[in-house]
>>> print(open('coords_23.pdb').read())   # PDB, C-alpha atoms and all ligand atoms
ATOM      1  CA  MET M  27     -14.445  47.152  64.900
ATOM      2  CA  ASP M  28     -16.443  44.121  63.684
ATOM      3  CA  GLU M  29     -19.023  43.478  66.483
ATOM      4  CA  THR M  30     -18.582  39.684  66.202
ATOM      5  CA  LYS M  31     -14.851  39.968  67.050
ATOM      6  CA  LYS M  32     -15.353  42.006  70.237
ATOM      7  CA  ILE M  33     -14.919  40.453  73.696
ATOM      8  CA  ARG M  34     -18.407  40.397  75.197
ATOM      9  CA  ILE M  35     -18.417  41.289  78.882
ATOM     10  CA  VAL M  36     -20.919  41.234  81.748
ATOM     11  CA  VAL M  37     -20.130  43.414  84.793
ATOM     12  CA  ALA M  38     -21.488  42.573  88.248
ATOM     13  CA  GLY M  39     -21.803  45.546  90.621
ATOM     14  CA  PRO M  40     -22.417  48.286  87.987
ATOM     15  CA  ARG M  41     -23.410  51.030  90.452
ATOM     16  CA  GLY M  42     -20.383  50.491  92.701
ATOM     17  CA  ARG M  43     -17.202  52.581  92.670
ATOM     18  CA  MET M  44     -15.264  49.944  90.692
ATOM     19  CA  GLY M  45     -18.129  48.544  88.617
ATOM     20  CA  ALA M  46     -19.025  51.989  87.232
ATOM     21  CA  GLU M  47     -15.369  52.768  86.405
ATOM     22  CA  THR M  48     -15.065  49.384  84.667
ATOM     23  CA  ILE M  49     -18.170  49.995  82.553
ATOM     24  CA  ARG M  50     -16.773  53.365  81.428
ATOM     25  CA  MET M  51     -13.506  51.628  80.479
ATOM     26  CA  ILE M  52     -15.371  48.943  78.484
ATOM     27  CA  HIS M  53     -17.468  51.603  76.738
ATOM     28  CA  ARG M  54     -14.356  53.459  75.467
ATOM     29  CA  THR M  55     -12.350  50.308  74.501
ATOM     30  CA  PRO M  56     -13.020  49.386  70.857
ATOM     31  CA  GLU M  57     -12.356  45.638  71.243
ATOM     32  CA  PHE M  58     -14.699  45.285  74.265
ATOM     33  CA  SER M  59     -18.479  45.255  74.293
ATOM     34  CA  LEU M  60     -20.738  45.438  77.366
ATOM     35  CA  SER M  61     -23.341  42.670  77.009
ATOM     36  CA  ALA M  62     -25.166  43.366  80.263
ATOM     37  CA  ALA M  63     -24.727  44.115  83.956
ATOM     38  CA  VAL M  64     -25.825  42.252  87.080
ATOM     39  CA  ASP M  65     -27.046  44.444  89.933
ATOM     40  CA  ASP M  66     -28.766  43.730  93.251
ATOM     41  CA  GLY M  67     -31.842  45.585  91.928
ATOM     42  CA  ASN M  68     -32.892  47.612  88.868
ATOM     43  CA  ASP M  69     -33.910  44.529  86.861
ATOM     44  CA  SER M  70     -34.471  45.342  83.152
ATOM     45  CA  ALA M  71     -33.096  48.895  83.452
ATOM     46  CA  ASN M  72     -30.645  50.188  80.855
ATOM     47  CA  VAL M  73     -27.046  50.420  82.150
ATOM     48  CA  GLY M  74     -26.485  53.653  80.199
ATOM     49  CA  ASP M  75     -29.467  55.296  81.948
ATOM     50  CA  LEU M  76     -28.388  53.949  85.342
ATOM     51  CA  LEU M  77     -24.888  55.455  85.028
ATOM     52  CA  GLY M  78     -25.703  58.473  82.855
ATOM     53  CA  ILE M  79     -23.605  57.255  79.912
ATOM     54  CA  SER M  80     -25.201  58.315  76.653
ATOM     55  CA  GLY M  81     -25.083  55.832  73.768
ATOM     56  CA  LEU M  82     -24.631  52.834  76.087
ATOM     57  CA  ASN M  83     -27.386  50.271  75.697
ATOM     58  CA  ALA M  84     -27.140  47.086  77.764
ATOM     59  CA  ARG M  85     -29.650  45.421  80.035
ATOM     60  CA  VAL M  86     -29.419  45.129  83.813
ATOM     61  CA  TYR M  87     -30.282  41.713  85.276
ATOM     62  CA  SER M  88     -30.893  41.072  88.945
ATOM     63  CA  ASP M  89     -30.202  37.348  88.591
ATOM     64  CA  ILE M  90     -26.775  36.112  87.539
ATOM     65  CA  GLU M  91     -27.988  32.794  86.088
ATOM     66  CA  ASP M  92     -30.687  34.502  83.980
ATOM     67  CA  CYS M  93     -28.055  36.931  82.736
ATOM     68  CA  LEU M  94     -25.389  34.392  81.786
ATOM     69  CA  SER M  95     -27.848  32.000  80.159
ATOM     70  CA  ALA M  96     -29.487  34.776  78.076
ATOM     71  CA  GLU M  97     -26.350  36.748  77.164
ATOM     72  CA  GLN M  98     -23.683  34.005  76.918
ATOM     73  CA  PRO M  99     -20.814  36.494  77.342
ATOM     74  CA  ASP M 100     -17.095  35.689  77.022
ATOM     75  CA  VAL M 101     -16.122  37.259  80.361
ATOM     76  CA  LEU M 102     -17.738  38.129  83.702
ATOM     77  CA  ILE M 103     -16.091  40.953  85.662
ATOM     78  CA  ASP M 104     -17.077  41.067  89.332
ATOM     79  CA  PHE M 105     -16.689  44.018  91.723
ATOM     80  CA  THR M 106     -19.330  43.343  94.366
ATOM     81  CA  ASN M 107     -18.729  41.844  97.825
ATOM     82  CA  PRO M 108     -17.396  38.444  98.944
ATOM     83  CA  GLU M 109     -20.839  36.781  99.209
ATOM     84  CA  ALA M 110     -22.106  37.946  95.804
ATOM     85  CA  GLY M 111     -18.666  37.487  94.247
ATOM     86  CA  LYS M 112     -18.558  33.794  95.197
ATOM     87  CA  LYS M 113     -22.065  33.191  93.851
ATOM     88  CA  ASN M 114     -21.216  35.004  90.607
ATOM     89  CA  LEU M 115     -17.900  33.201  90.176
ATOM     90  CA  GLN M 116     -19.581  29.811  90.636
ATOM     91  CA  ALA M 117     -22.267  30.753  88.112
ATOM     92  CA  ALA M 118     -19.577  31.830  85.627
ATOM     93  CA  ILE M 119     -17.852  28.447  85.979
ATOM     94  CA  ASP M 120     -21.166  26.601  85.567
ATOM     95  CA  PHE M 121     -21.979  28.560  82.388
ATOM     96  CA  GLY M 122     -18.434  28.343  80.946
ATOM     97  CA  VAL M 123     -17.863  32.126  81.193
ATOM     98  CA  ARG M 124     -14.328  33.373  81.983
ATOM     99  CA  PRO M 125     -14.317  35.159  85.369
ATOM    100  CA  VAL M 126     -12.214  38.260  86.065
ATOM    101  CA  ILE M 127     -12.697  38.876  89.767
ATOM    102  CA  GLY M 128     -11.586  42.006  91.590
ATOM    103  CA  THR M 129     -13.732  41.464  94.666
ATOM    104  CA  SER M 130     -11.588  40.806  97.734
ATOM    105  CA  GLY M 131     -12.255  38.323 100.533
ATOM    106  CA  PHE M 132     -11.666  34.911  98.912
ATOM    107  CA  SER M 133      -9.804  32.381 101.102
ATOM    108  CA  ASN M 134      -6.936  30.283  99.735
ATOM    109  CA  GLU M 135      -9.123  27.166 100.098
ATOM    110  CA  GLU M 136     -11.887  28.767  98.016
ATOM    111  CA  VAL M 137      -9.399  29.857  95.347
ATOM    112  CA  ALA M 138      -7.985  26.312  95.218
ATOM    113  CA  ASP M 139     -11.488  24.858  94.786
ATOM    114  CA  TYR M 140     -12.289  27.239  91.905
ATOM    115  CA  GLN M 141      -8.894  26.481  90.321
ATOM    116  CA  LYS M 142      -9.678  22.763  90.447
ATOM    117  CA  GLN M 143     -13.102  23.225  88.851
ATOM    118  CA  MET M 144     -11.786  25.534  86.136
ATOM    119  CA  GLY M 145      -8.746  23.363  85.409
ATOM    120  CA  GLU M 146     -11.100  20.423  84.791
ATOM    121  CA  LYS M 147     -13.133  22.550  82.368
ATOM    122  CA  LYS M 148     -10.026  24.214  80.842
ATOM    123  CA  LEU M 149     -11.666  27.552  81.603
ATOM    124  CA  GLY M 150      -9.457  30.637  81.916
ATOM    125  CA  GLY M 151      -9.886  33.430  84.437
ATOM    126  CA  ILE M 152      -8.223  35.580  87.054
ATOM    127  CA  ILE M 153      -8.768  36.648  90.651
ATOM    128  CA  ALA M 154      -6.640  39.707  91.407
ATOM    129  CA  PRO M 155      -6.642  41.410  94.819
ATOM    130  CA  ASN M 156      -5.206  44.492  93.113
ATOM    131  CA  PHE M 157      -5.276  45.412  89.399
ATOM    132  CA  ALA M 158      -2.958  48.451  89.743
ATOM    133  CA  ILE M 159       0.412  47.670  88.137
ATOM    134  CA  GLY M 160       2.298  49.708  90.761
ATOM    135  CA  ALA M 161       0.649  47.802  93.614
ATOM    136  CA  VAL M 162       1.641  44.501  92.004
ATOM    137  CA  LEU M 163       5.241  45.736  91.646
ATOM    138  CA  VAL M 164       5.325  46.660  95.352
ATOM    139  CA  MET M 165       4.207  43.085  96.126
ATOM    140  CA  LYS M 166       6.995  41.663  93.964
ATOM    141  CA  PHE M 167       9.649  44.033  95.374
ATOM    142  CA  SER M 168       8.470  43.144  98.894
ATOM    143  CA  GLN M 169       8.955  39.459  98.168
ATOM    144  CA  MET M 170      12.537  40.231  97.029
ATOM    145  CA  ALA M 171      13.302  42.472 100.016
ATOM    146  CA  ALA M 172      11.973  40.007 102.607
ATOM    147  CA  LYS M 173      14.839  37.633 101.863
ATOM    148  CA  TYR M 174      17.207  40.213 103.390
ATOM    149  CA  PHE M 175      14.810  41.967 105.782
ATOM    150  CA  PRO M 176      12.743  39.468 107.800
ATOM    151  CA  ASP M 177      11.260  42.232 109.993
ATOM    152  CA  VAL M 178       8.248  43.596 108.113
ATOM    153  CA  GLU M 179       5.124  45.583 108.913
ATOM    154  CA  ILE M 180       2.418  46.321 106.347
ATOM    155  CA  ILE M 181       0.229  49.413 106.594
ATOM    156  CA  GLU M 182      -2.717  49.436 104.191
ATOM    157  CA  MET M 183      -4.857  52.566 103.922
ATOM    158  CA  HIS M 184      -8.252  52.758 102.217
ATOM    159  CA  HIS M 185     -11.386  54.902 101.923
ATOM    160  CA  ASP M 186     -13.854  54.547 104.787
ATOM    161  CA  GLY M 187     -16.444  52.816 102.557
ATOM    162  CA  LYS M 188     -14.292  49.677 102.423
ATOM    163  CA  LYS M 189     -16.000  46.786 104.170
ATOM    164  CA  ASP M 190     -13.205  44.189 104.508
ATOM    165  CA  ALA M 191     -10.023  44.367 106.571
ATOM    166  CA  PRO M 192      -7.242  43.689 106.055
ATOM    167  CA  SER M 193      -7.283  44.454 102.340
ATOM    168  CA  GLY M 194      -6.886  41.638  99.817
ATOM    169  CA  THR M 195      -3.700  43.397  98.669
ATOM    170  CA  ALA M 196      -2.160  43.297 102.155
ATOM    171  CA  VAL M 197      -2.964  39.598 102.519
ATOM    172  CA  LYS M 198      -1.501  38.800  99.087
ATOM    173  CA  THR M 199       1.605  40.881  99.901
ATOM    174  CA  ALA M 200       2.073  38.962 103.161
ATOM    175  CA  GLU M 201       1.620  35.645 101.320
ATOM    176  CA  LEU M 202       4.344  36.575  98.812
ATOM    177  CA  ILE M 203       6.661  37.792 101.593
ATOM    178  CA  GLU M 204       6.070  34.506 103.442
ATOM    179  CA  LYS M 205       7.628  32.650 100.480
ATOM    180  CA  THR M 206      11.064  34.306 100.993
ATOM    181  CA  ARG M 207      11.059  35.503 104.629
ATOM    182  CA  LYS M 208      12.594  33.313 107.319
ATOM    183  CA  PRO M 209       9.798  32.580 109.840
ATOM    184  CA  LYS M 210      10.040  35.092 112.666
ATOM    185  CA  LYS M 211       7.806  36.387 115.453
ATOM    186  CA  GLN M 212       8.522  40.100 115.424
ATOM    187  CA  GLY M 213       8.673  42.661 118.192
ATOM    188  CA  ALA M 214       9.808  42.200 121.792
ATOM    189  CA  PRO M 215       9.184  38.619 122.993
ATOM    190  CA  ASP M 216       7.457  39.990 126.096
ATOM    191  CA  GLU M 217       5.494  42.837 124.411
ATOM    192  CA  LYS M 218       1.947  43.426 125.718
ATOM    193  CA  GLU M 219      -0.952  45.309 124.155
ATOM    194  CA  THR M 220      -2.519  47.633 126.706
ATOM    195  CA  LEU M 221      -5.157  48.512 124.082
ATOM    196  CA  GLN M 222      -6.395  45.495 122.110
ATOM    197  CA  GLY M 223      -5.388  45.600 118.440
ATOM    198  CA  ALA M 224      -2.611  48.156 118.937
ATOM    199  CA  ARG M 225      -0.073  45.883 117.236
ATOM    200  CA  GLY M 226      -2.359  45.064 114.284
ATOM    201  CA  ALA M 227      -3.159  41.655 112.813
ATOM    202  CA  ASP M 228      -0.617  38.838 113.056
ATOM    203  CA  PHE M 229       0.273  37.106 109.788
ATOM    204  CA  ASP M 230       3.012  34.525 110.352
ATOM    205  CA  GLY M 231       4.632  36.806 112.959
ATOM    206  CA  MET M 232       4.514  39.984 110.835
ATOM    207  CA  ARG M 233       1.961  42.724 111.462
ATOM    208  CA  ILE M 234      -0.707  44.196 109.200
ATOM    209  CA  HIS M 235      -2.355  47.518 110.103
ATOM    210  CA  SER M 236      -5.549  48.759 108.405
ATOM    211  CA  VAL M 237      -6.347  52.475 108.188
ATOM    212  CA  ARG M 238      -9.795  53.689 106.979
ATOM    213  CA  LEU M 239     -10.282  57.394 106.300
ATOM    214  CA  PRO M 240     -12.371  59.599 104.017
ATOM    215  CA  GLY M 241     -10.155  61.111 101.328
ATOM    216  CA  LEU M 242      -8.151  57.925 100.788
ATOM    217  CA  VAL M 243      -8.585  55.603  97.765
ATOM    218  CA  ALA M 244      -6.141  52.656  98.085
ATOM    219  CA  HIS M 245      -2.624  52.901  99.497
ATOM    220  CA  GLN M 246      -0.068  50.543 100.982
ATOM    221  CA  GLU M 247       3.294  50.866 102.708
ATOM    222  CA  VAL M 248       5.552  47.890 103.362
ATOM    223  CA  LEU M 249       8.198  48.721 105.966
ATOM    224  CA  PHE M 250      11.344  46.625 106.333
ATOM    225  CA  GLY M 251      13.529  47.338 109.362
ATOM    226  CA  SER M 252      17.076  46.221 110.072
ATOM    227  CA  LYS M 253      20.009  47.436 112.164
ATOM    228  CA  GLY M 254      20.386  51.150 111.419
ATOM    229  CA  GLU M 255      18.219  51.158 108.284
ATOM    230  CA  LEU M 256      14.618  51.240 107.131
ATOM    231  CA  LEU M 257      13.375  50.340 103.640
ATOM    232  CA  THR M 258       9.889  51.633 102.751
ATOM    233  CA  LEU M 259       7.969  50.510  99.665
ATOM    234  CA  ARG M 260       4.833  52.526  98.996
ATOM    235  CA  HIS M 261       2.092  52.584  96.400
ATOM    236  CA  ASP M 262      -0.816  55.016  96.079
ATOM    237  CA  SER M 263      -3.922  54.667  93.940
ATOM    238  CA  MET M 264      -5.292  58.204  93.874
ATOM    239  CA  ASP M 265      -7.971  57.370  91.313
ATOM    240  CA  ARG M 266      -9.829  54.176  90.367
ATOM    241  CA  ALA M 267      -8.549  54.679  86.813
ATOM    242  CA  SER M 268      -5.329  53.149  88.223
ATOM    243  CA  PHE M 269      -6.986  49.714  88.229
ATOM    244  CA  MET M 270      -8.283  49.795  84.649
ATOM    245  CA  THR M 271      -5.067  48.849  82.798
ATOM    246  CA  GLY M 272      -4.908  45.671  84.860
ATOM    247  CA  VAL M 273      -8.608  44.898  84.419
ATOM    248  CA  ALA M 274      -8.392  45.292  80.618
ATOM    249  CA  TYR M 275      -5.168  43.243  80.501
ATOM    250  CA  SER M 276      -6.821  40.482  82.572
ATOM    251  CA  VAL M 277      -9.855  40.350  80.265
ATOM    252  CA  ARG M 278      -7.624  39.934  77.186
ATOM    253  CA  THR M 279      -5.405  37.371  78.924
ATOM    254  CA  ALA M 280      -8.324  35.347  80.307
ATOM    255  CA  MET M 281      -9.414  34.669  76.718
ATOM    256  CA  SER M 282      -6.332  32.485  76.158
ATOM    257  CA  LEU M 283      -5.884  30.992  79.655
ATOM    258  CA  GLU M 284      -7.047  27.464  80.519
ATOM    259  CA  THR M 285      -6.972  27.813  84.291
ATOM    260  CA  LEU M 286      -7.775  30.282  87.079
ATOM    261  CA  VAL M 287      -4.817  32.525  87.957
ATOM    262  CA  TYR M 288      -4.665  34.100  91.435
ATOM    263  CA  GLY M 289      -2.793  37.418  91.275
ATOM    264  CA  LEU M 290      -1.945  39.738  88.404
ATOM    265  CA  GLU M 291       1.788  39.172  89.037
ATOM    266  CA  ASN M 292       1.363  35.667  87.578
ATOM    267  CA  ILE M 293       0.290  36.920  84.136
ATOM    268  CA  LEU M 294       2.447  40.067  83.773
ATOM    269  CA  ASP M 295       5.444  39.652  81.408
TER     270      ASP M 295
HETATM  271  N1  LIG M 301      -8.894  44.098  92.679
HETATM  272  C1  LIG M 301      -8.822  45.424  92.719
HETATM  273  O1  LIG M 301      -7.936  46.048  92.102
HETATM  274  C2  LIG M 301      -9.857  46.166  93.499
HETATM  275  C3  LIG M 301      -9.921  47.568  93.442
HETATM  276  C4  LIG M 301     -10.927  48.212  94.144
HETATM  277  C5  LIG M 301     -11.840  47.465  94.871
HETATM  278  N2  LIG M 301     -11.729  46.113  94.908
HETATM  279  C6  LIG M 301     -12.724  45.285  95.583
HETATM  280  O2  LIG M 301     -13.880  45.298  94.771
HETATM  281  C7  LIG M 301     -15.052  45.161  95.574
HETATM  282  C8  LIG M 301     -16.009  46.307  95.273
HETATM  283  O3  LIG M 301     -15.410  47.528  95.643
HETATM  284  P1  LIG M 301     -16.199  48.910  95.433
HETATM  285  O4  LIG M 301     -15.371  49.965  96.069
HETATM  286  O5  LIG M 301     -16.592  49.051  94.007
HETATM  287  O6  LIG M 301     -17.494  48.630  96.324
HETATM  288  P2  LIG M 301     -18.936  49.324  96.249
HETATM  289  O7  LIG M 301     -19.582  49.083  97.562
HETATM  290  O8  LIG M 301     -18.806  50.733  95.748
HETATM  291  O9  LIG M 301     -19.705  48.498  95.091
HETATM  292  C9  LIG M 301     -20.197  47.212  95.233
HETATM  293  C10 LIG M 301     -21.468  47.120  94.414
HETATM  294  O10 LIG M 301     -21.898  45.761  94.368
HETATM  295  C11 LIG M 301     -23.310  45.787  94.357
HETATM  296  N3  LIG M 301     -23.821  44.464  94.742
HETATM  297  C12 LIG M 301     -23.992  43.929  95.970
HETATM  298  N4  LIG M 301     -24.521  42.694  95.888
HETATM  299  C13 LIG M 301     -24.654  42.433  94.572
HETATM  300  C14 LIG M 301     -25.141  41.320  93.834
HETATM  301  N5  LIG M 301     -25.601  40.227  94.456
HETATM  302  N6  LIG M 301     -25.152  41.390  92.487
HETATM  303  C15 LIG M 301     -24.715  42.493  91.848
HETATM  304  N7  LIG M 301     -24.254  43.592  92.491
HETATM  305  C16 LIG M 301     -24.220  43.558  93.832
HETATM  306  C17 LIG M 301     -23.691  46.908  95.325
HETATM  307  O11 LIG M 301     -25.000  47.393  95.073
HETATM  308  C18 LIG M 301     -22.625  47.950  94.973
HETATM  309  O12 LIG M 301     -23.110  48.848  94.001
HETATM  310  C19 LIG M 301     -14.549  45.116  97.022
HETATM  311  O13 LIG M 301     -14.424  43.762  97.411
HETATM  312  C20 LIG M 301     -13.162  45.751  96.936
HETATM  313  O14 LIG M 301     -12.296  45.300  97.947
HETATM  314  C21 LIG M 301     -10.758  45.465  94.247
HETATM  315  O1  LIG M 302     -11.277  50.022  97.398
HETATM  316  C1  LIG M 302     -11.066  48.853  97.755
HETATM  317  O2  LIG M 302     -11.864  48.215  98.468
HETATM  318  C2  LIG M 302      -9.824  48.190  97.312
HETATM  319  N1  LIG M 302      -9.645  46.962  97.669
HETATM  320  C3  LIG M 302      -8.569  46.158  97.223
HETATM  321  C4  LIG M 302      -8.095  45.251  98.339
HETATM  322  O3  LIG M 302      -8.882  44.821  99.193
HETATM  323  O4  LIG M 302      -6.901  44.939  98.334
HETATM  324  C5  LIG M 302      -7.419  46.903  96.626
HETATM  325  C6  LIG M 302      -7.762  48.122  95.894
HETATM  326  C7  LIG M 302      -8.883  48.932  96.467
END
>>> encode(input="coords_23.pdb", output="structure tokens", more="lines below")
Ligand SMILES: NC(=O)c1ccc[n+]([C@@H]2O[C@H](COP(=O)([O-])OP(=O)(O)OC[C@H]3O[C@@H](n4cnc5c(N)ncnc54)[C@H](O)[C@@H]3O)[C@@H](O)[C@H]2O)c1
Ligand SMILES: O=C(O)C1=N[C@H](C(=O)O)CCC1
Amino acid sequence: MDETKKIRIVVAGPRGRMGAETIRMIHRTPEFSLSAAVDDGNDSANVGDLLGISGLNARVYSDIEDCLSAEQPDVLIDFTNPEAGKKNLQAAIDFGVRPVIGTSGFSNEEVADYQKQMGEKKLGGIIAPNFAIGAVLVMKFSQMAAKYFPDVEIIEMHHDGKKDAPSGTAVKTAELIEKTRKPKKQGAPDEKETLQGARGADFDGMRIHSVRLPGLVAHQEVLFGSKGELLTLRHDSMDRASFMTGVAYSVRTAMSLETLVYGLENILD
């Protein structure tokens, strides 16, 4: 493909589980080109050498502003941590680069602030707590089910390297459920925890439980209980490849957006 027509992408967090998977996806996608990567070290290294990908030549920068000003990419993909992700997203806005953010841990207030800034600049981008299509469908089905089943508990299960809890996916699922569920404080009115945390986190009266275990990747169950019946919606990401369709779709879509979208469900047909 003509190099000048490719979408030029910078990836922040190249040595991480998601960053490395994303770079491999970019490398095998003809319409994408990796301009550079931003790491918290390894300045001036070659990304291909860092990840053991032969034929991949792109520079590593340790400073996001240096990177965006020198490379002027179309898109910044971020899979780092909340602190670095916020810094990188702000730099992308300042340099007019479309952000595609997978990093979890952004508050609704922060998202609203970025949406305001990007709306003013007519800059497109996406923040998605989960790029797996199946996970997004579980969120949408949960929103539908909550209209009829106001008693809900969410169990999210992730690998034990995950730093944030609850997961961004669980929070987004609860936010979507909140739109259709009649407000309700669940469980017995006089229930008591004899071990703190036993009932999980409280989100608008529904409970979120976080499991962290080696062997897991990313999994979520949404349980709806009613008289004599239980509805369970479950999604499993067994491999980080599960996120790549959504990441690639977000990159392509960001090119024609003029605002920041929060959640993949808002751009899926
Ligand atoms: N949206 C999704 O579908 C999705 C899927 C998986 C993970 N995530 C989220 O993505 C984030 C990363 O997950 P992971 O499993 O890849 O984590 P990870 O710990 O494997 O990788 C994070 C990487 O970021 C790097 N880093 C830290 N500070 C940096 C900085 N200032 N600049 C550049 N790089 C920096 C670290 O060195 C590390 O290599 C987490 O917030 C996670 O919740 C989202
Ligand atoms: O591995 C992680 O970390 C994941 N985090 C996302 C979240 O916080 O929802 C979802 C996918 C995997």
>>> closest_atom_pairs(input="coords_23.pdb", of="chain M", to="ligand LIG 302 (chain M)", cutoff="7 Å", atoms="all atoms listed in the file", output="Markdown table")
| residue | atom | partner | partner_atom | distance |
| --- | --- | --- | --- | --- |
| M:Ser130 | CA | M:LIG302 | O3 | 5.1 |
| M:Pro155 | CA | M:LIG302 | O4 | 5.0 |
| M:Asn156 | CA | M:LIG302 | C5 | 4.8 |
| M:His184 | CA | M:LIG302 | O1 | 6.3 |
| M:His185 | CA | M:LIG302 | O1 | 6.7 |
| M:Lys188 | CA | M:LIG302 | O2 | 4.9 |
| M:Asp190 | CA | M:LIG302 | O3 | 6.9 |
| M:Ser193 | CA | M:LIG302 | O3 | 3.5 |
| M:Gly194 | CA | M:LIG302 | O4 | 3.6 |
| M:Thr195 | CA | M:LIG302 | O4 | 3.6 |
| M:Ala196 | CA | M:LIG302 | O4 | 6.3 |
| M:Val243 | CA | M:LIG302 | O1 | 6.2 |
| M:Ala244 | CA | M:LIG302 | C7 | 4.9 |
>>> axis_aligned_box(input="coords_23.pdb", around="stretch 162-180 of chain M", padding_each_side="8 Å", output="lines of an AutoDock Vina configuration file")
center_x = 9.4
center_y = 42.1
center_z = 100.8
size_x = 31.6
size_y = 25.0
size_z = 34.3
>>> resolve_selection(input="coords_23.pdb", expression="the PyMOL selection byres (((chain M and resi 174-177) around 12) and not hetatm)", output="ChimeraX atom specification")
/M:167-173,178-180,200,203-214,230-233,248-253,255-258
>>> resolve_selection(input="coords_23.pdb", expression="the PyMOL selection byres (((chain M and resi 281) around 8) and not hetatm)", output="list in words")
Asp100, Arg124, Gly150, Gly151, Val277, Arg278, Thr279, Ala280, Ser282 and Leu283 of chain M
>>> resolve_selection(input="coords_23.pdb", expression="the PyMOL selection byres (((chain M and resi 79) around 12) and not hetatm)", output="tab-separated table (two decimals) with C-alpha atoms, in the coordinates of the input")
chain	number	residue	atom	x	y	z
M	46	ALA	CA	-19.02	51.99	87.23
M	47	GLU	CA	-15.37	52.77	86.40
M	49	ILE	CA	-18.17	50.00	82.55
M	50	ARG	CA	-16.77	53.36	81.43
M	51	MET	CA	-13.51	51.63	80.48
M	52	ILE	CA	-15.37	48.94	78.48
M	53	HIS	CA	-17.47	51.60	76.74
M	54	ARG	CA	-14.36	53.46	75.47
M	72	ASN	CA	-30.64	50.19	80.86
M	73	VAL	CA	-27.05	50.42	82.15
M	74	GLY	CA	-26.48	53.65	80.20
M	75	ASP	CA	-29.47	55.30	81.95
M	76	LEU	CA	-28.39	53.95	85.34
M	77	LEU	CA	-24.89	55.46	85.03
M	78	GLY	CA	-25.70	58.47	82.86
M	80	SER	CA	-25.20	58.32	76.65
M	81	GLY	CA	-25.08	55.83	73.77
M	82	LEU	CA	-24.63	52.83	76.09
M	83	ASN	CA	-27.39	50.27	75.70
M	84	ALA	CA	-27.14	47.09	77.76
>>> atom_distance(input="coords_23.pdb", atom1="atom CA of M:Gly241", atom2="atom CA of M:Ala191")
17.5 Å
>>> atom_distance(input="coords_23.pdb", atom1="atom CA of M:Phe229", atom2="atom CA of M:Phe269")
26.0 Å
>>> closest_atom_pairs(input="coords_23.pdb", of="stretch 78-102 of chain M", to="stretch 37-43 of chain M", cutoff="9 Å", atoms="all atoms listed in the file", output="CSV")
residue,atom,partner,partner_atom,distance
M:Val86,CA,M:Pro40,CA,8.7
M:Ile90,CA,M:Ala38,CA,8.4
M:Val101,CA,M:Val37,CA,8.6
M:Leu102,CA,M:Val37,CA,5.9
>>> closest_residue(input="coords_23.pdb", among="M:Phe132, M:Phe121, M:Tyr140, M:Phe105", to="ligand LIG 301 (chain M)", atoms="all atoms listed in the file")
M:Phe105
>>> atom_distance(input="coords_23.pdb", atom1="atom CA of M:Glu291", atom2="atom CA of M:Tyr275")
11.7 Å
>>> closest_residue(input="coords_23.pdb", among="M:Val164, M:Val273, M:Val237, M:Val123", to="ligand LIG 301 (chain M)", atoms="all atoms listed in the file")
M:Val273
